[in-house]
Amino acid sequence: MCNILYITTHCNLDCEYCYEKATRDAPGFKHKTVTKSEIDDFVQEILKREGTETDKVVSIFGGEALLRFDLVKYAVEQICKYLPKTGIDIITNGIFFIDIENLQQMKDLQEYSSKHNVYIGLRISYDGSGNFRRVYAKTNTPVTSDIKKVFENFRTLKMPLNIAYTVHKGNCDKKSFIKDISSIILKYRDILDRISTYFYEEEIEEFYGFTHDEFLEYKNWIKERCTYLFQKFKIPLCYLTCEACSLCDKAQTKKNYFVPDDGNKFVELRHEEKFDHWNDEFKGTQ
């Protein structure tokens with residue numbers, strides 16, 4: 001079970017495809033920020049339901065949760081106190097980490113929590129060539145250059161980088177997507193732990209006029225080539241290369257395979273020398 005803690009509905013960005021945008025833009029919407037008392041209740045409910053001996057997962061969301069780092073820190077401290085054997089997943093736009101001192105605070109919190117058998121993972125939202133749709137709420141200017149500064153701060157502090165990449169109409173050209181992912185891997189592979197990929201399926205289907213079956217065909221084209229990238233660079237592309245990657249114990253074989261979304265039959269990936277698309281589709285990414 002994944003236990004979700006919403007810290008605040010406030011956000012410093014105004015991304016046009018955000019799943020919270022329609023709610024926040026609705027007339028009469030009132031922002032909400034969790035209280036310490038509510039965090040206490042959240043922790044105690046998990047303790048009552050799941051105990052201390054089982055593995056547990058807590059996802060911390062917003063808005064932008066790190067706008068209230070004080071509350072995130074408090075939640076982590078309470079989890080450390082009452083809920084050992086917990087993995088904490090924090091989804092963030094990363095802006096908080098433009099200041100490297102803030103990133104150092106997070107690193108310190110990770111080190112503190114690990115001593116209590118609680119592990120914090122960070123996922124930074126970054127959509128590559130489609131990042132122009134991620135803009136500051138106050139100025140409507142893209143955040144791309146600032147997020148690249150954040151990645152360099154991760155490099156400076158030698159912290160593992162996890163990227164959450166959303167595929168939407170602004171970056172869904174399949175060949176450009178592959179080049180985009182390849183470029184990210186090559187630029188940050190010294191610190192890159194994994195890239196988690198999410199498809200805005202409804203928007204992509206509308207953009208291309210796809211039927212659902214055509215969308216699956218499109219996604220499987222990407223999935224096969226991303227499995228090849230995993231084979232070459234050993235950087236997991238979560239939700240695309242699961243069958244070839246053993247990090248989450250989901251691998252079905254020691255070989256590199258991909259499984260089409262519309263079937264259960266394993267399809268063996270072509271060997272590198274037989275991968276006919278490499279020169280055209282990956283040109284300029286080596």
# chains A, B, ... in the order shown; residues from 1 in each chain; ligands from 1
$ select_by_dssp --residues "stretch 22-188 of chain A" --states "alpha helix (DSSP H)" --output "ChimeraX atom specification"
/A:22-25,36-50,69-82,100-114,144-156,174-188
$ select_by_dssp --residues "stretch 12-136 of chain A" --states "strand (DSSP E or B)" --output "ChimeraX atom specification"
/A:13,33,56-62,86-92,118-125,135-136
$ residues_around --residues "A:Thr139" --least-positions-apart "3" --cutoff "10 Å" --atoms "only C-alpha atoms" --output "ChimeraX atom specification"
/A:13-14,135-136,142
$ residues_around --residues "A:Ile60" --least-positions-apart "6" --cutoff "8 Å" --atoms "only C-alpha atoms" --output "list in words"
Ile4, Leu5, Tyr6, Ile7, Val72, Ile88, Asp89, Ile90 and Ile91 of chain A
$ closest_residue --among "A:Leu83, A:Ala65, A:Leu229, A:Ala26" --to "A:Arg49" --atoms "only C-alpha atoms"
A:Leu83
$ closest_residue --among "A:Lys174, A:Arg24, A:Val150, A:Leu161" --to "A:Glu101" --atoms "only C-alpha atoms"
A:Val150
$ residues_around --residues "A:Met106" --least-positions-apart "3" --cutoff "12 Å" --atoms "only C-alpha atoms" --output "list of chain:residue names"
A:Leu66, A:Phe69, A:Asp70, A:Val72, A:Lys73, A:Val76, A:Ile90, A:Gly94, A:Phe96, A:Phe97, A:Asp99, A:Ile100, A:Glu101, A:Asn102, A:Leu103, A:Leu109, A:Gln110, A:Glu111, A:Tyr112, A:Ser113, A:Tyr119, A:Ile120, A:Gly121, A:Leu122, A:Phe154, A:Leu157, A:Met159
$ closest_atom_pairs --of "stretch 17-133 of chain A" --to "stretch 194-208 of chain A" --cutoff "10 Å" --atoms "only C-alpha atoms" --output "JSON lines"
{"residue": "A:Tyr17", "atom": "CA", "partner": "A:Tyr200", "partner_atom": "CA", "distance": 8.6}
{"residue": "A:Tyr19", "atom": "CA", "partner": "A:Tyr200", "partner_atom": "CA", "distance": 9.9}
{"residue": "A:Arg123", "atom": "CA", "partner": "A:Ser196", "partner_atom": "CA", "distance": 8.2}
{"residue": "A:Ile124", "atom": "CA", "partner": "A:Ile195", "partner_atom": "CA", "distance": 9.4}
{"residue": "A:Ser125", "atom": "CA", "partner": "A:Ser196", "partner_atom": "CA", "distance": 9.4}
{"residue": "A:Tyr126", "atom": "CA", "partner": "A:Ile195", "partner_atom": "CA", "distance": 9.6}
{"residue": "A:Asp127", "atom": "CA", "partner": "A:Thr197", "partner_atom": "CA", "distance": 9.4}
$ write_last_selection --atoms "C-alpha atoms" --output "short mmCIF file (atom, residue, chain, number, x, y, z; two decimals), in the first residue's frame"
data_model
loop_
_atom_site.label_atom_id
_atom_site.label_comp_id
_atom_site.auth_asym_id
_atom_site.auth_seq_id
_atom_site.Cartn_x
_atom_site.Cartn_y
_atom_site.Cartn_z
CA TYR A 17 -0.78 19.99 -18.05
CA TYR A 19 -3.10 17.13 -12.86
CA ARG A 123 12.15 12.57 -8.06
CA ILE A 124 12.72 15.81 -9.94
CA SER A 125 10.20 16.69 -12.65
CA TYR A 126 11.96 17.46 -15.92
CA ASP A 127 10.45 16.96 -19.36
#
$ closest_residue --among "A:Thr144, A:Ser182, A:Asn153, A:Thr8" --to "A:Thr33" --atoms "only C-alpha atoms"
A:Thr8
$ atom_distance --atom1 "atom CA of A:Cys11" --atom2 "atom CA of A:Leu67"
7.4 Å
$ closest_residue --among "A:Lys32, A:Arg225, A:His10, A:Lys81" --to "A:Gln44" --atoms "only C-alpha atoms"
A:Lys81
$ closest_residue --among "A:Asp25, A:Glu53, A:Glu16, A:Glu64" --to "A:Asn117" --atoms "only C-alpha atoms"
A:Glu53
